[in-house]
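**Q** The structure file run.txt (compact mmCIF, C-alpha atoms and all ligand atoms) is provided below.
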```txt
# COMPACT_ATOMS: atom_id res chain seq x y z
CA MET A 1 -23.48 53.77 34.28
CA PRO A 2 -25.50 53.16 31.11
CA ALA A 3 -28.16 50.46 31.16
CA SER A 4 -26.69 47.07 30.36
CA THR A 5 -26.85 46.62 26.59
CA GLN A 6 -24.74 43.43 26.51
CA ASP A 7 -23.04 44.88 23.43
CA LEU A 8 -19.58 43.72 24.56
CA VAL A 9 -20.42 40.01 24.80
CA GLY A 10 -17.60 37.98 23.21
CA LYS A 11 -15.04 40.76 23.73
CA THR A 12 -12.09 40.62 26.11
CA TYR A 13 -11.16 43.80 27.97
CA VAL A 14 -8.03 44.34 30.08
CA VAL A 15 -8.00 47.20 32.60
CA THR A 16 -4.97 48.03 34.76
CA GLY A 17 -5.46 49.73 38.11
CA ALA A 18 -8.93 48.19 38.04
CA ASN A 19 -9.61 47.91 41.77
CA SER A 20 -10.12 51.63 42.40
CA GLY A 21 -11.21 54.97 40.94
CA ILE A 22 -11.86 55.34 37.24
CA GLY A 23 -10.30 51.95 36.38
CA PHE A 24 -12.81 50.17 38.62
CA GLU A 25 -15.69 52.20 37.21
CA ALA A 26 -14.71 51.44 33.61
CA ALA A 27 -14.13 47.73 34.33
CA LYS A 28 -17.58 47.53 35.92
CA ASP A 29 -19.14 49.16 32.87
CA PHE A 30 -17.41 46.74 30.46
CA ALA A 31 -18.48 43.80 32.65
CA ASN A 32 -22.02 45.12 32.83
CA ARG A 33 -22.15 45.10 29.05
CA GLY A 34 -21.05 41.48 28.88
CA ALA A 35 -17.28 41.74 28.27
CA THR A 36 -14.90 39.17 29.64
CA THR A 37 -13.06 41.57 31.91
CA ILE A 38 -9.50 41.17 33.12
CA LEU A 39 -8.58 43.21 36.17
CA VAL A 40 -4.86 43.87 36.63
CA CYS A 41 -4.25 45.00 40.20
CA ARG A 42 -1.36 45.47 42.61
CA SER A 43 -2.98 43.94 45.70
CA GLN A 44 -4.54 40.47 45.86
CA VAL A 45 -6.92 41.62 48.61
CA ARG A 46 -8.09 44.84 46.90
CA GLY A 47 -8.26 43.10 43.54
CA GLN A 48 -10.31 40.21 44.94
CA GLU A 49 -12.73 42.66 46.58
CA ALA A 50 -13.13 44.55 43.29
CA MET A 51 -13.67 41.33 41.33
CA GLU A 52 -16.33 40.07 43.76
CA ARG A 53 -18.10 43.44 43.71
CA ILE A 54 -18.15 43.59 39.92
CA LYS A 55 -19.43 40.02 39.67
CA GLN A 56 -22.15 40.76 42.22
CA GLU A 57 -23.23 44.12 40.78
CA THR A 58 -23.22 43.07 37.11
CA GLY A 59 -24.04 39.37 37.28
CA ASN A 60 -21.12 38.76 34.89
CA GLN A 61 -19.03 35.85 36.18
CA GLY A 62 -16.39 36.31 33.45
CA ILE A 63 -14.20 38.58 35.56
CA HIS A 64 -10.57 37.53 36.01
CA LEU A 65 -7.98 38.91 38.42
CA TYR A 66 -4.25 39.14 37.69
CA ILE A 67 -1.77 40.58 40.15
CA ALA A 68 1.22 42.75 39.16
CA ASP A 69 3.26 45.45 40.83
CA PHE A 70 3.77 48.17 38.25
CA GLY A 71 6.83 49.29 40.20
CA LEU A 72 8.61 46.19 38.89
CA LEU A 73 8.96 45.31 35.21
CA ALA A 74 9.64 41.65 36.01
CA SER A 75 6.24 41.47 37.71
CA VAL A 76 4.50 43.10 34.74
CA SER A 77 6.29 40.83 32.29
CA ALA A 78 5.21 37.71 34.21
CA VAL A 79 1.58 38.82 34.38
CA ALA A 80 1.57 39.67 30.67
CA ASP A 81 2.76 36.11 29.90
CA LYS A 82 -0.06 34.67 32.01
CA ILE A 83 -2.72 36.88 30.45
CA VAL A 84 -1.65 36.10 26.88
CA SER A 85 -1.47 32.39 27.64
CA ASP A 86 -5.02 32.45 29.09
CA PHE A 87 -6.46 34.92 26.53
CA PRO A 88 -4.69 34.68 23.14
CA ALA A 89 -7.05 37.30 21.64
CA ILE A 90 -7.67 40.61 23.42
CA ASN A 91 -9.94 43.34 22.09
CA VAL A 92 -9.20 46.27 24.39
CA LEU A 93 -6.39 47.29 26.74
CA CYS A 94 -6.89 50.23 29.11
CA ASN A 95 -3.51 51.34 30.44
CA ASN A 96 -4.77 53.13 33.52
CA ALA A 97 -2.72 52.19 36.62
CA GLY A 98 -0.78 55.12 37.99
CA GLY A 99 -0.14 57.59 40.74
CA SER A 100 2.32 60.15 42.03
CA ASN A 101 5.13 59.96 44.55
CA GLY A 102 5.97 62.69 47.04
CA THR A 103 9.63 61.82 47.27
CA ARG A 104 11.99 60.33 44.72
CA SER A 105 12.62 56.61 45.01
CA VAL A 106 14.20 54.02 42.78
CA SER A 107 12.94 50.45 42.24
CA ALA A 108 15.03 47.34 42.87
CA GLU A 109 15.42 47.26 39.07
CA GLY A 110 16.93 50.77 39.07
CA PHE A 111 14.05 52.87 37.69
CA GLU A 112 12.57 56.00 39.26
CA THR A 113 9.22 54.94 40.71
CA THR A 114 6.88 57.30 38.82
CA LEU A 115 8.62 56.58 35.51
CA VAL A 116 8.27 52.81 35.90
CA THR A 117 4.80 52.75 37.46
CA ASN A 118 3.08 55.26 35.18
CA HIS A 119 4.93 54.69 31.92
CA LEU A 120 7.41 51.81 31.55
CA SER A 121 5.12 49.14 33.01
CA GLY A 122 2.19 50.07 30.76
CA PHE A 123 4.60 50.31 27.85
CA LEU A 124 5.95 46.80 28.53
CA LEU A 125 2.46 45.37 29.08
CA THR A 126 1.36 46.90 25.78
CA GLN A 127 4.35 45.42 23.94
CA LYS A 128 3.69 41.98 25.36
CA LEU A 129 -0.07 42.11 24.71
CA LEU A 130 0.27 43.44 21.15
CA PRO A 131 0.22 39.98 19.52
CA ALA A 132 -3.04 39.21 21.38
CA LEU A 133 -4.42 42.65 20.46
CA SER A 134 -3.52 42.00 16.83
CA LYS A 135 -5.57 38.79 17.04
CA GLY A 136 -8.35 40.88 18.58
CA GLY A 137 -7.96 43.24 15.63
CA GLU A 138 -8.76 40.35 13.28
CA GLN A 139 -12.18 40.06 14.95
CA GLY A 140 -12.93 43.78 14.69
CA LEU A 141 -11.26 46.99 15.81
CA ALA A 142 -8.91 46.48 18.79
CA ARG A 143 -8.25 49.48 21.03
CA ILE A 144 -5.57 50.66 23.43
CA VAL A 145 -6.52 53.55 25.72
CA PHE A 146 -3.96 55.39 27.87
CA THR A 147 -5.04 57.36 30.93
CA SER A 148 -2.99 60.52 30.58
CA SER A 149 -3.68 63.86 32.28
CA TYR A 150 -3.78 67.59 31.72
CA GLY A 151 -0.71 67.38 33.97
CA HIS A 152 1.21 66.37 30.82
CA THR A 153 1.47 70.11 30.08
CA HIS A 154 3.87 70.56 33.03
CA SER A 155 7.11 70.47 31.00
CA PRO A 156 8.85 68.74 28.09
CA LEU A 157 10.77 65.49 28.52
CA ASN A 158 14.47 65.69 29.29
CA PHE A 159 15.85 62.58 27.60
CA ASP A 160 19.14 63.00 29.47
CA ASP A 161 17.40 62.63 32.82
CA LEU A 162 14.10 60.74 32.44
CA GLY A 163 14.38 59.54 36.05
CA LEU A 164 14.75 63.12 37.36
CA GLU A 165 17.94 62.48 39.32
CA LYS A 166 18.86 66.17 39.19
CA ASP A 167 15.71 68.03 40.17
CA TYR A 168 12.92 65.72 41.35
CA LYS A 169 9.54 67.24 42.07
CA SER A 170 6.49 65.05 42.41
CA LEU A 171 4.33 67.09 40.03
CA LYS A 172 7.10 67.25 37.46
CA ALA A 173 7.63 63.47 37.61
CA TYR A 174 3.88 62.88 37.39
CA GLY A 175 3.35 65.36 34.55
CA ARG A 176 6.17 63.92 32.48
CA SER A 177 4.92 60.36 32.98
CA LYS A 178 1.51 61.48 31.73
CA LEU A 179 3.19 63.12 28.72
CA MET A 180 4.82 59.73 28.08
CA ASN A 181 1.35 58.08 28.11
CA LEU A 182 0.09 60.58 25.53
CA LEU A 183 3.15 60.16 23.31
CA THR A 184 3.01 56.36 23.54
CA ALA A 185 -0.61 56.35 22.36
CA ARG A 186 0.40 58.36 19.33
CA GLU A 187 3.30 56.08 18.48
CA VAL A 188 1.25 52.87 18.96
CA GLN A 189 -1.22 54.29 16.47
CA LYS A 190 1.50 54.93 13.90
CA ARG A 191 3.07 51.51 14.28
CA TYR A 192 0.00 49.29 14.69
CA SER A 193 -2.99 50.87 12.93
CA ALA A 194 -2.36 48.51 10.00
CA GLN A 195 -3.24 45.66 12.38
CA ASN A 196 -6.66 47.17 13.02
CA ILE A 197 -5.61 48.64 16.37
CA VAL A 198 -6.61 52.17 17.34
CA ALA A 199 -4.90 54.01 20.21
CA SER A 200 -5.87 57.09 22.20
CA SER A 201 -5.14 58.98 25.40
CA PHE A 202 -7.34 61.16 27.56
CA HIS A 203 -7.56 63.43 30.57
CA PRO A 204 -10.33 62.30 32.94
CA GLY A 205 -10.71 65.71 34.64
CA ALA A 206 -9.89 66.31 38.29
CA VAL A 207 -11.71 63.30 39.72
CA ARG A 208 -12.69 62.42 43.31
CA THR A 209 -10.67 59.22 43.53
CA PRO A 210 -8.30 57.96 46.27
CA ILE A 211 -5.29 59.02 44.16
CA TRP A 212 -4.97 62.39 45.90
CA GLY A 213 -4.32 60.76 49.27
CA LYS A 214 -1.58 58.45 48.02
CA GLY A 215 0.95 60.78 46.42
CA GLY A 216 2.60 62.68 49.26
CA PRO A 217 2.01 66.18 50.69
CA VAL A 218 1.68 68.13 47.40
CA ALA A 219 -0.96 65.73 46.06
CA ARG A 220 -2.79 65.80 49.40
CA ILE A 221 -2.90 69.62 49.47
CA LEU A 222 -3.99 69.76 45.82
CA GLY A 223 -6.65 67.18 46.63
CA VAL A 224 -8.07 69.39 49.38
CA VAL A 225 -7.92 72.61 47.32
CA LEU A 226 -9.42 71.07 44.19
CA TYR A 227 -11.97 68.87 45.97
CA PRO A 228 -14.97 71.23 45.51
CA PHE A 229 -14.26 71.41 41.77
CA MET A 230 -13.67 67.70 41.20
CA VAL A 231 -16.01 65.53 39.18
CA SER A 232 -17.48 62.19 40.23
CA ILE A 233 -15.72 58.93 39.43
CA GLU A 234 -18.53 58.09 36.98
CA LYS A 235 -17.88 61.30 35.04
CA GLY A 236 -14.11 60.77 35.24
CA ALA A 237 -14.43 57.31 33.68
CA ASP A 238 -16.77 58.43 30.90
CA THR A 239 -14.15 59.32 28.27
CA MET A 240 -12.20 56.10 28.93
CA ILE A 241 -15.35 54.02 28.49
CA TRP A 242 -16.25 55.94 25.34
CA LEU A 243 -12.78 55.55 23.79
CA ALA A 244 -12.69 51.87 24.72
CA SER A 245 -16.12 50.87 23.49
CA SER A 246 -18.15 53.44 21.56
CA GLN A 247 -19.10 53.00 17.93
CA ASP A 248 -19.07 56.82 17.46
CA GLN A 249 -16.81 57.65 14.53
CA ALA A 250 -14.79 60.10 16.66
CA SER A 251 -13.95 57.26 19.02
CA VAL A 252 -13.42 54.56 16.37
CA GLN A 253 -11.12 56.97 14.54
CA ALA A 254 -9.33 58.28 17.64
CA ASN A 255 -6.12 58.07 15.63
CA GLY A 256 -3.67 58.10 18.54
CA GLU A 257 -4.92 61.47 19.73
CA TYR A 258 -5.66 63.07 23.10
CA PHE A 259 -9.21 63.63 24.38
CA ILE A 260 -10.95 65.56 27.12
CA LYS A 261 -14.70 65.06 27.69
CA ARG A 262 -14.94 62.91 24.54
CA THR A 263 -13.45 65.78 22.51
CA ARG A 264 -10.23 65.65 20.52
CA THR A 265 -7.96 68.20 22.22
CA THR A 266 -4.66 69.76 21.21
CA PRO A 267 -1.95 68.64 23.64
CA ALA A 268 1.04 70.68 24.85
CA SER A 269 3.16 72.08 22.01
CA PHE A 270 6.13 69.98 23.16
CA ALA A 271 4.19 66.73 22.65
CA THR A 272 5.83 66.32 19.26
CA ASP A 273 6.00 63.33 16.93
CA GLU A 274 9.78 63.47 17.23
CA SER A 275 9.65 63.10 21.02
CA ALA A 276 7.11 60.27 20.67
CA GLN A 277 9.45 58.38 18.38
CA LYS A 278 12.45 58.98 20.61
CA LEU A 279 10.55 57.96 23.74
CA TRP A 280 9.49 54.72 22.05
CA GLN A 281 13.10 53.81 21.28
CA VAL A 282 14.42 54.76 24.72
CA SER A 283 11.57 52.91 26.46
CA MET A 284 12.19 49.82 24.31
CA ASP A 285 15.81 49.83 25.41
CA MET A 286 14.74 50.01 29.06
CA VAL A 287 12.08 47.26 28.94
CA THR A 288 13.76 44.82 26.53
CA PRO A 289 15.73 43.01 29.29
CA TYR A 290 12.39 42.17 30.94
CA PHE A 291 10.65 40.71 27.89
N1 LIG A 301 -8.11 61.38 39.77
C1 LIG A 301 -7.74 62.34 38.94
O1 LIG A 301 -8.11 63.51 39.11
C2 LIG A 301 -6.87 62.04 37.75
C3 LIG A 301 -6.57 63.09 36.86
C4 LIG A 301 -5.78 62.83 35.75
C5 LIG A 301 -5.30 61.54 35.53
N2 LIG A 301 -5.60 60.55 36.43
C6 LIG A 301 -5.05 59.22 36.16
O2 LIG A 301 -6.09 58.27 36.26
C7 LIG A 301 -5.53 56.97 36.52
C8 LIG A 301 -6.37 56.28 37.57
O3 LIG A 301 -6.27 57.01 38.78
P1 LIG A 301 -7.49 57.24 39.76
O4 LIG A 301 -7.68 58.70 39.87
O5 LIG A 301 -8.62 56.38 39.40
O6 LIG A 301 -6.81 56.82 41.14
P2 LIG A 301 -6.86 55.49 42.03
O7 LIG A 301 -8.25 55.26 42.49
O8 LIG A 301 -5.79 55.65 43.02
O9 LIG A 301 -6.49 54.35 40.98
C9 LIG A 301 -5.17 54.12 40.59
C10 LIG A 301 -5.00 52.65 40.30
O10 LIG A 301 -3.64 52.40 39.90
C11 LIG A 301 -3.13 51.36 40.73
N3 LIG A 301 -1.69 51.44 40.94
C12 LIG A 301 -0.97 52.46 41.45
N4 LIG A 301 0.31 52.10 41.60
C13 LIG A 301 0.40 50.81 41.19
C14 LIG A 301 1.45 49.86 41.13
N5 LIG A 301 2.70 50.14 41.55
N6 LIG A 301 1.18 48.62 40.65
C15 LIG A 301 -0.07 48.29 40.23
N7 LIG A 301 -1.12 49.14 40.29
C16 LIG A 301 -0.88 50.38 40.77
C17 LIG A 301 -3.85 51.55 42.06
O11 LIG A 301 -3.72 50.42 42.88
P3 LIG A 301 -3.88 50.54 44.49
O12 LIG A 301 -5.35 50.66 44.75
O13 LIG A 301 -3.26 49.29 44.97
O14 LIG A 301 -3.14 51.78 44.90
C18 LIG A 301 -5.26 51.80 41.55
O15 LIG A 301 -5.87 50.59 41.21
C19 LIG A 301 -4.07 57.21 36.92
O16 LIG A 301 -3.23 56.87 35.84
C20 LIG A 301 -4.02 58.72 37.14
O17 LIG A 301 -2.74 59.25 36.87
C21 LIG A 301 -6.37 60.77 37.52
```
Step by step, read the file and then write its structure as structure tokens.
Ligand SMILES: NC(=O)c1ccc[n+]([C@@H]2O[C@H](COP(=O)([O-])OP(=O)(O)OC[C@H]3O[C@@H](n4cnc5c(N)ncnc54)[C@H](OP(=O)(O)O)[C@@H]3O)[C@@H](O)[C@H]2O)c1

**A**
Amino acid sequence: MPASTQDLVGKTYVVTGANSGIGFEAAKDFANRGATTILVCRSQVRGQEAMERIKQETGNQGIHLYIADFGLLASVSAVADKIVSDFPAINVLCNNAGGSNGTRSVSAEGFETTLVTNHLSGFLLTQKLLPALSKGGEQGLARIVFTSSYGHTHSPLNFDDLGLEKDYKSLKAYGRSKLMNLLTAREVQKRYSAQNIVASSFHPGAVRTPIWGKGGPVARILGVVLYPFMVSIEKGADTMIWLASSQDQASVQANGEYFIKRTRTTPASFATDESAQKLWQVSMDMVTPYF
């Protein structure tokens, strides 16, 4: 973590999946630099622990915990309302919560779990926070960062079966959700750059976080095989922190693009503007009942 420069005093940062892994690391960095930091977490207990630890380690008491289950759009919608009511201007949103699922399951609202957790919930949160981010944009550049993955290269989206009813595989579901994150960043940029909002997505590397133990047998095996090659959580969070806070021109002008190790990187050939536009429309249709 860089020495505390206090350069984020007066800014409000929102980080989802902030109790663990790279989300926790990034939230701690923002807090350490003076940002009012909003942690969006699934578990009250884990979120509370993370909030106390960040307060203790950074001395910043402006850390706020909000609870939402990203498996349920109604939960995300309710938390978005609370956040916007408490913080009408937001400077940065890091859409980071996510994971993989060994077997296919469907939420009580009818969405495949990986689709809703990794994409639709962040999409809905973004939509509902956009007015507050636009206000943040009036104070200076507002930013939205999506935690994608190299896994987005797995395969193109099948718009006829986004929930993978026909041929579910955990890596396929995960990879496609990460492609959705990348495409959403691009489309946010197109639609909201006029409001002084910049969007981006990134791959953090293969990072030694708890994620590998949570996603079923394939993720667990991959976690064991890749473990010697994985990077630390600090390194994994570096590009997110840079995209969310750096004054470097490459970061300020991220332009909806995809980054690895702070470097603009060409995504999979099927990550087209056309699919980004289509995904936006289809996702809007799915989340609109929960607004
Ligand atoms: N680690 C890697 O190698 C790697 C590589 C590429 C991309 N990524 C991406 O990086 C992001 C962060 O992952 P990480 O590696 O830091 O793993 P992590 O430590 O497991 O963090 C994931 C975070 O997302 C939260 N989350 C998961 N499901 C949720 C739900 N239904 N509702 C609310 N929050 C939920 C987790 O909460 P709980 O603690 O309650 O589970 C946790 O806070 C993910 O989007 C992941 O896809 C990671």

**Q** Ligand LIG 301 (chain A): which residues are within 7 Å, counting all atoms listed in the file, as an mmCIF file with C-alpha atoms, in the frame of the given file?

**A**
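Heads up, here's the output in selection-v8.cif:
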```cif
data_model
loop_
_atom_site.group_PDB
_atom_site.id
_atom_site.type_symbol
_atom_site.label_atom_id
_atom_site.label_comp_id
_atom_site.auth_asym_id
_atom_site.auth_seq_id
_atom_site.Cartn_x
_atom_site.Cartn_y
_atom_site.Cartn_z
ATOM 1 C CA THR A 16 -4.970 48.030 34.760
ATOM 2 C CA GLY A 17 -5.460 49.730 38.110
ATOM 3 C CA ALA A 18 -8.930 48.190 38.040
ATOM 4 C CA ASN A 19 -9.610 47.910 41.770
ATOM 5 C CA SER A 20 -10.120 51.630 42.400
ATOM 6 C CA GLY A 21 -11.210 54.970 40.940
ATOM 7 C CA ILE A 22 -11.860 55.340 37.240
ATOM 8 C CA GLY A 23 -10.300 51.950 36.380
ATOM 9 C CA CYS A 41 -4.250 45.000 40.200
ATOM 10 C CA ARG A 42 -1.360 45.470 42.610
ATOM 11 C CA SER A 43 -2.980 43.940 45.700
ATOM 12 C CA ARG A 46 -8.090 44.840 46.900
ATOM 13 C CA ALA A 68 1.220 42.750 39.160
ATOM 14 C CA ASP A 69 3.260 45.450 40.830
ATOM 15 C CA PHE A 70 3.770 48.170 38.250
ATOM 16 C CA GLY A 71 6.830 49.290 40.200
ATOM 17 C CA ASN A 96 -4.770 53.130 33.520
ATOM 18 C CA ALA A 97 -2.720 52.190 36.620
ATOM 19 C CA GLY A 98 -0.780 55.120 37.990
ATOM 20 C CA GLY A 99 -0.140 57.590 40.740
ATOM 21 C CA THR A 117 4.800 52.750 37.460
ATOM 22 C CA ASN A 118 3.080 55.260 35.180
ATOM 23 C CA THR A 147 -5.040 57.360 30.930
ATOM 24 C CA SER A 148 -2.990 60.520 30.580
ATOM 25 C CA SER A 149 -3.680 63.860 32.280
ATOM 26 C CA TYR A 150 -3.780 67.590 31.720
ATOM 27 C CA HIS A 203 -7.560 63.430 30.570
ATOM 28 C CA PRO A 204 -10.330 62.300 32.940
ATOM 29 C CA GLY A 205 -10.710 65.710 34.640
ATOM 30 C CA ALA A 206 -9.890 66.310 38.290
ATOM 31 C CA VAL A 207 -11.710 63.300 39.720
ATOM 32 C CA ARG A 208 -12.690 62.420 43.310
ATOM 33 C CA THR A 209 -10.670 59.220 43.530
ATOM 34 C CA PRO A 210 -8.300 57.960 46.270
ATOM 35 C CA ILE A 211 -5.290 59.020 44.160
ATOM 36 C CA TRP A 212 -4.970 62.390 45.900
#
```

**Q** In Å, rounded to a single decimal, give me how far atom CA of A:Ser85 is from atom CA of A:Arg33.

**A**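 These two atoms are separated by 24.3 Å.
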
**Q** With the cut-off set at 9 Å and counting all atoms listed in the file, tabulate each residue of stretch 57-97 of chain A with an atom at most that distance from an atom of stretch 237-259 of chain A, showing the nearest atom pair and its distance in Å to one decimal, ordered by chain and increasing number, as JSON lines.

**A**
```
{"residue": "A:Val92", "atom": "CA", "partner": "A:Ala244", "partner_atom": "CA", "distance": 6.6}
{"residue": "A:Leu93", "atom": "CA", "partner": "A:Ala244", "partner_atom": "CA", "distance": 8.0}
{"residue": "A:Cys94", "atom": "CA", "partner": "A:Ala244", "partner_atom": "CA", "distance": 7.5}
```

**Q** Between atom CA of A:Ile221 and atom CA of A:Phe270, what is the spacing in Å?

**A**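 So the two atoms, atom CA of A:Phe270 and atom CA of A:Ile221, lie 27.8 Å apart.
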
**Q** From (10.5, 38.8, 34.0), in the file's coordinates, out to 12 Å: which residues are reached, counting only C-alpha atoms? Answer as a tab-separated table (two decimals) with C-alpha atoms, keeping the file's coordinate frame.

**A**
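And here is the file that came out, selection_24.tsv:
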```
chain	number	residue	atom	x	y	z
A	68	ALA	CA	1.22	42.75	39.16
A	69	ASP	CA	3.26	45.45	40.83
A	72	LEU	CA	8.61	46.19	38.89
A	73	LEU	CA	8.96	45.31	35.21
A	74	ALA	CA	9.64	41.65	36.01
A	75	SER	CA	6.24	41.47	37.71
A	76	VAL	CA	4.50	43.10	34.74
A	77	SER	CA	6.29	40.83	32.29
A	78	ALA	CA	5.21	37.71	34.21
A	79	VAL	CA	1.58	38.82	34.38
A	80	ALA	CA	1.57	39.67	30.67
A	81	ASP	CA	2.76	36.11	29.90
A	82	LYS	CA	-0.06	34.67	32.01
A	109	GLU	CA	15.42	47.26	39.07
A	121	SER	CA	5.12	49.14	33.01
A	124	LEU	CA	5.95	46.80	28.53
A	125	LEU	CA	2.46	45.37	29.08
A	128	LYS	CA	3.69	41.98	25.36
A	287	VAL	CA	12.08	47.26	28.94
A	288	THR	CA	13.76	44.82	26.53
A	289	PRO	CA	15.73	43.01	29.29
A	290	TYR	CA	12.39	42.17	30.94
A	291	PHE	CA	10.65	40.71	27.89
```

**Q** Pick from A:Gln48, A:Ser105, A:Thr37, A:Ser100: nearest to A:Arg176, with all atoms listed in the file counted?

**A**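 Once distances to A:Arg176 are computed over all atoms listed in the file, the minimum belongs to A:Ser100.
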
**Q** Would you please work out which residue, of A:Ser269, A:Asn95, A:Ser107, A:Thr12, is nearest to A:Ser200 when using only C-alpha atoms?

**A**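 The closest residue to A:Ser200 is A:Asn95.
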
**Q** So what do you get for atom CA of A:Gln195 versus atom CA of A:Met286, distance-wise?

**A**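 Separating atom CA of A:Gln195 from atom CA of A:Met286 is a distance of 24.9 Å.
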
**Q** Could stretch 130-141 of chain A be completed with N, CA and C atoms and written as a PDB file, in the coordinates of the input, please?

**A**
```pdb
ATOM      1  N   LEU A 130       0.559  43.067  22.543  1.00  0.00           N
ATOM      2  CA  LEU A 130       0.270  43.440  21.150  1.00  0.00           C
ATOM      3  C   LEU A 130      -0.063  42.254  20.239  1.00  0.00           C
ATOM      4  N   PRO A 131       0.627  41.113  20.373  1.00  0.00           N
ATOM      5  CA  PRO A 131       0.220  39.980  19.520  1.00  0.00           C
ATOM      6  C   PRO A 131      -1.234  39.573  19.778  1.00  0.00           C
ATOM      7  N   ALA A 132      -1.652  39.573  21.053  1.00  0.00           N
ATOM      8  CA  ALA A 132      -3.040  39.210  21.380  1.00  0.00           C
ATOM      9  C   ALA A 132      -4.000  40.299  20.891  1.00  0.00           C
ATOM     10  N   LEU A 133      -3.579  41.550  20.964  1.00  0.00           N
ATOM     11  CA  LEU A 133      -4.420  42.650  20.460  1.00  0.00           C
ATOM     12  C   LEU A 133      -4.533  42.582  18.939  1.00  0.00           C
ATOM     13  N   SER A 134      -3.456  42.169  18.287  1.00  0.00           N
ATOM     14  CA  SER A 134      -3.520  42.000  16.830  1.00  0.00           C
ATOM     15  C   SER A 134      -4.525  40.919  16.465  1.00  0.00           C
ATOM     16  N   LYS A 135      -4.554  39.844  17.270  1.00  0.00           N
ATOM     17  CA  LYS A 135      -5.570  38.790  17.040  1.00  0.00           C
ATOM     18  C   LYS A 135      -6.955  39.371  17.283  1.00  0.00           C
ATOM     19  N   GLY A 136      -7.075  40.190  18.329  1.00  0.00           N
ATOM     20  CA  GLY A 136      -8.350  40.880  18.580  1.00  0.00           C
ATOM     21  C   GLY A 136      -8.728  41.749  17.392  1.00  0.00           C
ATOM     22  N   GLY A 137      -7.731  42.376  16.796  1.00  0.00           N
ATOM     23  CA  GLY A 137      -7.960  43.240  15.630  1.00  0.00           C
ATOM     24  C   GLY A 137      -8.498  42.477  14.426  1.00  0.00           C
ATOM     25  N   GLU A 138      -8.220  41.173  14.388  1.00  0.00           N
ATOM     26  CA  GLU A 138      -8.760  40.350  13.280  1.00  0.00           C
ATOM     27  C   GLU A 138     -10.262  40.136  13.442  1.00  0.00           C
ATOM     28  N   GLN A 139     -10.741  40.267  14.696  1.00  0.00           N
ATOM     29  CA  GLN A 139     -12.180  40.060  14.950  1.00  0.00           C
ATOM     30  C   GLN A 139     -12.976  41.357  14.803  1.00  0.00           C
ATOM     31  N   GLY A 140     -12.289  42.472  14.681  1.00  0.00           N
ATOM     32  CA  GLY A 140     -12.930  43.780  14.690  1.00  0.00           C
ATOM     33  C   GLY A 140     -11.946  44.729  15.328  1.00  0.00           C
ATOM     34  N   LEU A 141     -12.232  46.013  15.316  1.00  0.00           N
ATOM     35  CA  LEU A 141     -11.260  46.990  15.810  1.00  0.00           C
ATOM     36  C   LEU A 141     -10.796  46.683  17.240  1.00  0.00           C
TER      37      LEU A 141
END
```
